[in-house]
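> So here's protein.txt, just compact mmCIF, C-alpha atoms:
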# COMPACT_ATOMS: atom_id res chain seq x y z
CA MET A 1 -3.61 231.28 164.73
CA THR A 2 -1.66 230.39 161.58
CA ASP A 3 -3.56 228.93 158.69
CA PRO A 4 -2.17 225.46 157.86
CA HIS A 5 -3.91 225.69 154.49
CA ALA A 6 -2.79 229.11 153.28
CA VAL A 7 -3.44 229.38 149.56
CA THR A 8 -0.53 230.30 147.29
CA ARG A 9 -1.27 233.60 145.56
CA PHE A 10 0.12 234.82 142.28
CA ASP A 11 2.77 237.49 142.85
CA GLU A 12 1.78 239.56 139.81
CA PRO A 13 -1.52 239.89 137.92
CA TRP A 14 0.20 238.84 134.70
CA HIS A 15 1.31 235.55 136.30
CA ALA A 16 -2.34 234.80 136.95
CA GLN A 17 -3.38 235.86 133.44
CA LEU A 18 -0.66 233.74 131.87
CA PHE A 19 -1.63 230.75 133.97
CA ALA A 20 -5.31 231.10 133.09
CA LEU A 21 -4.57 231.65 129.41
CA THR A 22 -2.46 228.49 129.20
CA VAL A 23 -4.98 226.32 131.03
CA ALA A 24 -7.84 227.76 128.95
CA LEU A 25 -6.04 227.05 125.67
CA SER A 26 -5.37 223.47 126.71
CA GLU A 27 -8.92 222.97 127.96
CA ALA A 28 -10.19 224.36 124.65
CA GLY A 29 -8.27 221.55 122.93
CA LEU A 30 -5.54 223.61 121.26
CA PHE A 31 -2.79 221.47 122.78
CA PRO A 32 -2.70 218.55 125.20
CA TRP A 33 -1.37 219.40 128.65
CA THR A 34 1.51 216.93 128.18
CA ASP A 35 2.76 218.98 125.21
CA TRP A 36 2.69 222.05 127.42
CA THR A 37 4.67 220.46 130.28
CA GLU A 38 7.25 219.17 127.80
CA ALA A 39 7.71 222.61 126.23
CA PHE A 40 7.78 224.30 129.63
CA GLY A 41 10.17 221.74 131.08
CA ALA A 42 12.56 222.22 128.18
CA THR A 43 12.54 226.00 128.62
CA LEU A 44 13.07 225.71 132.38
CA ALA A 45 15.99 223.33 131.79
CA ARG A 46 17.55 225.73 129.28
CA HIS A 47 17.16 228.73 131.61
CA GLY A 48 18.49 226.70 134.52
CA LEU A 49 21.78 226.01 132.75
CA THR A 50 23.09 229.48 133.47
CA ARG A 51 21.61 230.08 136.91
CA ALA A 52 19.53 228.43 139.61
CA LEU A 53 15.91 229.43 139.09
CA ASP A 54 14.18 230.59 142.26
CA GLY A 55 10.71 229.49 141.21
CA GLY A 56 9.30 233.03 141.35
CA ALA A 57 9.62 235.68 138.64
CA ASP A 58 12.08 233.60 136.62
CA TYR A 59 9.61 230.71 136.64
CA TYR A 60 6.90 232.81 134.98
CA ALA A 61 9.44 234.33 132.56
CA ALA A 62 10.22 230.78 131.41
CA TRP A 63 6.50 229.98 131.29
CA LEU A 64 5.83 232.95 129.00
CA GLU A 65 8.72 232.12 126.69
CA ALA A 66 7.58 228.48 126.50
CA LEU A 67 3.99 229.44 125.69
CA GLU A 68 5.06 231.94 123.02
CA GLY A 69 7.25 229.22 121.48
CA LEU A 70 4.56 226.55 121.61
CA LEU A 71 1.94 228.84 120.03
CA ALA A 72 4.37 229.96 117.32
CA ALA A 73 5.38 226.37 116.52
CA ARG A 74 1.72 225.38 116.15
CA GLY A 75 0.85 228.38 114.01
CA LEU A 76 -1.59 229.67 116.62
CA ALA A 77 0.13 233.00 117.31
CA ALA A 78 2.77 234.33 114.92
CA PRO A 79 5.64 236.10 116.74
CA ASP A 80 5.41 239.20 114.53
CA GLN A 81 1.70 239.58 115.28
CA VAL A 82 2.32 239.14 119.00
CA ALA A 83 5.15 241.68 118.91
CA ALA A 84 2.99 244.20 117.04
CA LEU A 85 0.17 243.79 119.54
CA ARG A 86 2.59 244.14 122.44
CA ASP A 87 3.77 247.47 120.99
CA ALA A 88 0.18 248.54 120.33
CA TRP A 89 -0.67 247.88 124.00
CA GLU A 90 2.38 249.85 125.10
CA ALA A 91 1.33 252.78 122.91
CA ALA A 92 -2.21 252.57 124.27
CA TYR A 93 -0.92 252.77 127.86
CA LEU A 94 1.28 255.74 127.03
CA ALA A 95 -1.64 257.52 125.34
CA THR A 96 -4.18 256.93 128.09
CA PRO A 97 -4.48 259.48 130.91
CA HIS A 98 -3.77 258.07 134.33
CA GLY A 99 -6.87 256.66 135.99
CA GLN A 100 -8.71 255.87 132.81
CA PRO A 101 -9.15 252.34 131.48
CA VAL A 102 -6.64 251.42 128.80
CA ARG A 103 -8.24 250.06 125.65
CA LEU A 104 -6.91 248.82 122.40
CA ASP A 105 -9.15 249.96 119.57
CA LEU A 106 -9.98 247.16 117.19
CA ALA A 107 -9.07 249.46 114.31
CA ASP A 108 -5.57 249.91 115.75
CA ARG A 109 -4.90 246.22 115.82
CA PRO A 110 -2.48 244.80 113.30
CA GLY A 111 -4.36 242.85 110.67
CA HIS A 112 -7.51 244.93 110.90
CA MET B 1 -1.95 263.21 122.61
CA PRO B 2 -5.33 264.69 123.54
CA HIS B 3 -5.38 266.04 127.05
CA ASP B 4 -8.10 265.89 129.60
CA HIS B 5 -9.74 269.31 129.74
CA HIS B 6 -11.05 268.85 133.27
CA HIS B 7 -7.58 269.52 134.58
CA HIS B 8 -8.18 272.49 136.84
CA ASP B 9 -7.53 270.53 140.02
CA HIS B 10 -5.17 267.99 138.48
CA ASP B 11 -2.50 270.25 137.07
CA HIS B 12 0.21 268.40 138.98
CA ASP B 13 -0.32 265.23 136.95
CA HIS B 14 -2.02 266.28 133.76
CA ASP B 15 0.74 264.65 131.73
CA ALA B 16 0.67 261.39 133.66
CA HIS B 17 -0.35 258.41 131.56
CA ALA B 18 -1.59 255.06 132.78
CA LEU B 19 1.11 253.09 134.59
CA LEU B 20 2.98 251.16 131.93
CA PRO B 21 2.99 247.40 132.62
CA SER B 22 6.24 245.44 132.50
CA ASP B 23 7.43 243.89 129.24
CA PRO B 24 6.23 240.37 130.12
CA ALA B 25 2.86 241.77 131.24
CA LEU B 26 2.49 243.49 127.86
CA ARG B 27 3.42 240.26 126.06
CA VAL B 28 0.75 238.36 127.99
CA LYS B 29 -1.82 241.00 127.06
CA ALA B 30 -0.72 240.72 123.42
CA LEU B 31 -1.12 236.92 123.43
CA GLU B 32 -4.51 237.16 125.10
CA THR B 33 -5.72 239.83 122.66
CA LEU B 34 -4.64 237.80 119.65
CA LEU B 35 -5.99 234.46 120.87
CA VAL B 36 -9.33 235.92 121.95
CA ASP B 37 -9.59 237.74 118.64
CA LYS B 38 -8.99 234.49 116.76
CA GLY B 39 -11.62 232.78 118.87
CA TYR B 40 -9.15 230.28 120.37
CA VAL B 41 -9.88 231.27 123.92
CA ASP B 42 -12.90 232.67 125.71
CA PRO B 43 -12.24 235.42 128.31
CA ALA B 44 -15.09 233.99 130.39
CA ALA B 45 -13.31 230.63 130.46
CA MET B 46 -10.13 232.36 131.67
CA ASP B 47 -12.08 234.13 134.41
CA ALA B 48 -13.64 230.83 135.50
CA ILE B 49 -10.21 229.17 135.64
CA LEU B 50 -8.79 232.00 137.73
CA ASP B 51 -11.76 231.94 140.07
CA PHE B 52 -11.36 228.17 140.47
CA TYR B 53 -7.65 228.27 141.28
CA GLN B 54 -7.71 231.46 143.37
CA ASN B 55 -10.93 230.96 145.32
CA LYS B 56 -12.17 227.39 145.11
CA VAL B 57 -9.18 225.10 145.54
CA GLY B 58 -6.32 225.04 147.99
CA PRO B 59 -4.69 222.78 150.57
CA GLN B 60 -7.90 222.62 152.60
CA ILE B 61 -9.32 220.26 149.96
CA GLY B 62 -6.44 217.80 150.25
CA ALA B 63 -6.52 218.12 154.04
CA ARG B 64 -10.16 217.01 154.07
CA VAL B 65 -9.25 213.98 151.96
CA VAL B 66 -6.43 213.02 154.33
CA ALA B 67 -8.53 213.57 157.46
CA ARG B 68 -11.23 211.36 156.02
CA ALA B 69 -8.67 208.69 155.17
CA TRP B 70 -7.50 208.75 158.79
CA THR B 71 -11.03 208.23 160.13
CA ASP B 72 -12.69 206.08 157.45
CA PRO B 73 -10.77 202.85 156.75
CA ALA B 74 -12.90 201.95 153.71
CA PHE B 75 -12.28 205.37 152.17
CA LYS B 76 -8.55 205.08 152.86
CA ALA B 77 -8.39 201.63 151.27
CA ALA B 78 -10.22 202.91 148.20
CA LEU B 79 -7.96 205.96 148.01
CA LEU B 80 -4.78 203.89 148.15
CA ALA B 81 -6.14 201.35 145.65
CA ASP B 82 -7.40 203.87 143.09
CA ALA B 83 -7.16 207.51 144.09
CA SER B 84 -8.34 208.81 140.71
CA ALA B 85 -11.63 206.89 140.83
CA THR B 86 -12.15 207.65 144.52
CA LEU B 87 -11.52 211.38 144.05
CA ALA B 88 -13.57 211.49 140.85
CA ALA B 89 -16.52 210.15 142.83
CA GLU B 90 -16.05 213.13 145.19
CA GLY B 91 -15.77 215.59 142.29
CA LEU B 92 -12.14 216.27 143.16
CA LEU B 93 -10.35 215.12 140.04
CA GLY B 94 -8.30 217.55 137.99
CA ARG B 95 -9.50 219.56 135.04
CA GLN B 96 -6.71 218.10 132.92
CA GLY B 97 -7.90 214.56 133.54
CA GLU B 98 -4.63 213.58 135.16
CA HIS B 99 -4.33 210.57 137.43
CA VAL B 100 -3.74 210.94 141.11
CA VAL B 101 -1.83 208.40 143.18
CA ALA B 102 -2.03 208.49 146.98
CA VAL B 103 1.10 207.33 148.80
CA GLU B 104 0.94 206.58 152.50
CA ASN B 105 3.64 207.37 155.01
CA THR B 106 4.46 204.63 157.50
CA PRO B 107 7.12 204.20 160.17
CA GLU B 108 9.11 202.37 157.48
CA VAL B 109 8.69 204.76 154.52
CA HIS B 110 8.39 208.52 154.20
CA ASN B 111 7.16 209.75 150.82
CA VAL B 112 8.04 213.07 149.22
CA VAL B 113 6.81 214.55 145.94
CA VAL B 114 8.62 216.62 143.33
CA CYS B 115 8.30 217.49 139.65
CA THR B 116 11.75 217.45 138.11
CA LEU B 117 10.40 218.43 134.67
CA CYS B 118 8.49 221.58 135.62
CA SER B 119 5.99 221.91 138.44
CA CYS B 120 3.30 219.24 138.05
CA TYR B 121 1.27 219.24 141.23
CA PRO B 122 -2.16 218.01 142.36
CA TRP B 123 -3.83 221.39 141.79
CA PRO B 124 -7.42 220.31 142.59
CA LEU B 125 -6.25 219.04 145.99
CA LEU B 126 -3.58 221.58 146.96
CA GLY B 127 -4.11 224.63 144.72
CA ILE B 128 -1.18 226.48 143.16
CA PRO B 129 2.22 225.14 144.27
CA PRO B 130 4.37 227.24 146.61
CA THR B 131 7.38 229.04 145.13
CA TRP B 132 9.93 226.65 146.64
CA TYR B 133 8.26 223.69 144.88
CA LYS B 134 9.05 225.39 141.55
CA SER B 135 12.65 226.29 142.41
CA ASP B 136 15.67 224.53 140.94
CA ALA B 137 17.01 224.15 144.45
CA TYR B 138 14.13 221.86 145.40
CA ARG B 139 13.47 220.18 142.06
CA ALA B 140 17.03 219.09 141.47
CA ARG B 141 18.19 218.46 145.01
CA VAL B 142 15.33 216.52 146.57
CA VAL B 143 16.05 213.66 144.19
CA ARG B 144 19.80 213.63 144.88
CA GLU B 145 19.84 214.29 148.59
CA PRO B 146 16.30 213.99 149.96
CA ARG B 147 17.26 213.67 153.62
CA ARG B 148 19.32 216.81 153.50
CA VAL B 149 16.57 218.79 151.76
CA LEU B 150 13.98 217.50 154.24
CA ALA B 151 16.27 218.49 157.13
CA GLU B 152 16.25 222.03 155.71
CA PHE B 153 12.47 221.92 156.05
CA GLY B 154 13.01 221.00 159.70
CA LEU B 155 12.21 217.36 159.10
CA ASP B 156 14.73 214.97 160.64
CA LEU B 157 13.60 211.47 159.82
CA PRO B 158 14.65 208.45 161.85
CA GLU B 159 17.54 206.45 160.37
CA GLY B 160 15.34 203.41 159.91
CA GLN B 161 12.71 205.22 157.86
CA ALA B 162 13.37 205.03 154.14
CA VAL B 163 12.65 208.05 151.94
CA ARG B 164 10.87 207.51 148.66
CA VAL B 165 10.78 210.36 146.13
CA TRP B 166 7.93 210.48 143.62
CA ASP B 167 8.49 212.44 140.42
CA SER B 168 5.21 213.92 139.16
CA THR B 169 4.35 214.18 135.49
CA ALA B 170 1.62 215.83 133.46
CA GLU B 171 -0.25 212.53 133.71
CA ILE B 172 0.38 211.43 137.28
CA ARG B 173 0.23 213.61 140.39
CA TYR B 174 0.90 212.37 143.91
CA LEU B 175 -0.74 213.06 147.24
CA VAL B 176 1.11 212.05 150.38
CA ILE B 177 -1.05 210.65 153.17
CA PRO B 178 0.95 211.66 156.25
CA MET B 179 0.91 209.58 159.42
CA ARG B 180 -1.77 210.56 161.89
CA PRO B 181 0.08 212.26 164.75
CA GLU B 182 0.01 211.28 168.39
CA GLY B 183 -2.31 213.49 170.38
CA SER B 184 -4.98 213.50 167.70
CA GLU B 185 -6.81 210.47 169.06
CA GLY B 186 -10.57 210.86 169.37
CA LEU B 187 -10.83 213.84 167.04
CA ASP B 188 -13.31 213.73 164.19
CA ALA B 189 -12.41 214.30 160.54
CA GLU B 190 -13.37 217.95 160.63
CA ALA B 191 -11.10 218.73 163.58
CA LEU B 192 -8.31 216.64 162.07
CA THR B 193 -8.36 218.68 158.88
CA ARG B 194 -6.47 221.43 160.70
CA TRP B 195 -3.68 218.99 161.57
CA VAL B 196 -2.99 218.26 157.91
CA THR B 197 -0.60 220.93 156.66
CA ARG B 198 0.06 221.57 153.00
CA ASN B 199 3.69 220.47 153.34
CA SER B 200 2.65 217.21 155.01
CA MET B 201 0.77 216.33 151.80
CA ILE B 202 3.89 217.04 149.69
CA GLY B 203 6.13 215.19 152.12
CA THR B 204 8.24 218.15 153.20
CA GLY B 205 6.47 218.28 156.55
CA LEU B 206 4.50 216.16 158.98
CA ALA B 207 0.93 216.49 160.12
CA GLU B 208 0.98 218.42 163.38
CA ARG B 209 -1.09 219.95 166.13
CA PRO B 210 -2.53 223.23 164.85
CA ALA B 211 -0.54 226.24 166.05
Represent the structure from my file as structure tokens, please.


Amino acid sequence: MTDPHAVTRFDEPWHAQLFALTVALSEAGLFPWTDWTEAFGATLARHGLTRALDGGADYYAAWLEALEGLLAARGLAAPDQVAALRDAWEAAYLATPHGQPVRLDLADRPGH
Amino acid sequence: MPHDHHHHDHDHDHDAHALLPSDPALRVKALETLLVDKGYVDPAAMDAILDFYQNKVGPQIGARVVARAWTDPAFKAALLADASATLAAEGLLGRQGEHVVAVENTPEVHNVVVCTLCSCYPWPLLGIPPTWYKSDAYRARVVREPRRVLAEFGLDLPEGQAVRVWDSTAEIRYLVIPMRPEGSEGLDAEALTRWVTRNSMIGTGLAERPA
């Protein structure tokens, strides 16, 4: 029997994390949801100029770019800090033996 | 890099590091780390949001609303008059405080919902939108050539039935109340819930006998 109410799942864990992060930031009052949809809509429109977006991976790529831009514009997350943390996470993954939890030591974080 | 010294039975992979996430996944982790560190976002709040959207809501919620509208004329009238207030009374209004408008299909008018800006959608009633709802192919085309797009969903509407396209926004989300199908007479709201498909509440399908 097919389920007429099948729930849409996130394809990748980071899609889910990105979604939750954005909703949590808005619910915490850091930006109104209308500002988010405007920023996201503008990014989707820009990406859609060169190709037809399929609504899957390219949709979340646009979402991430829009959120990074919105947070940078509001002074909530500076791009250089985000980039440094991204590299710190990459280094942490490369330095962690397979099967062990990957952690970012507070002392390793830029700004600490 | 310090190596694990308990490697006697793991020699084949003693150099293997944790699987490196993709670039976007690393960027999301970076944002989360920074924003949590600054106290802008609470990881527990993120977990609660994910639990809500992955486990609590989905099309079954909207289907219950539609099935009740089919069987309870007073509820249907209230829903069509002021869906936000009616759903709020049921605890079904969105976390963003957006308004919901219910639009009813009739033999004269078939309603279909899109978000041409991004992917606004009645999350508390239908959950996360399907991939096609977020695609350019749907978002751009359903406004220009709705009948053709609906035909691609297997929906051939009678000539005499007009198609009305509703463009969602961050502030207003739409729920289509599909027509109650023939063959569903005498069923109660609970049984009818299974007839209300997700697509019938977006307008890209009709309510139908459960497969």

> Write out as a list in words the residues lying within 10 Å of segment 65-67 of chain A, counting all atoms listed in the file and excluding same-chain residues fewer than 6 positions away.

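Neighbouring residues, sequence-local ones excluded: Leu18, Leu21, Thr22, Trp36, Thr37, Glu38, Ala39, Phe40, Gly41, Ala42, Thr43, Leu44, Ala73 and Ala77 of chain A; Pro24, Arg27, Val28 and Leu31 of chain B.
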
> Rank nothing, just name the residue among B:Ala137, B:Val112, B:Ile128, B:Val66 nearest to Gly55 of chain A, using all atoms listed in the file.

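Ranked by minimum distance to Gly55 of chain A, first place goes to B:Ala137.
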
> What does the distance between atom CA of Ser168 of chain B and atom CA of Val142 of chain B come to in Å, to one decimal place?

12.8 Å

> Identify every residue of chain A that has at least one atom within 7 Å of any atom of chain B, counting all atoms listed in the file, and report the result as a ChimeraX atom specification.

/A:1-2,4-5,7-8,14,18,20-21,24-25,28,33-34,37,40-41,44,52-56,82,85-86,89-90,93-99

> Report, in Å with one decimal, the straight-line distance from atom CA of Leu150 of chain B to atom CA of His110 of chain B.

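Pair atom CA of Leu150 of chain B / atom CA of His110 of chain B returns 10.6 Å.
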
> Excluding Gly69 of chain A and its own-chain neighbours fewer than 5 positions away, which residues fall within 9 Å of it when counting all atoms listed in the file? Please give them as JSON, numbers by chain.

{"A": [39, 64, 74, 79]}
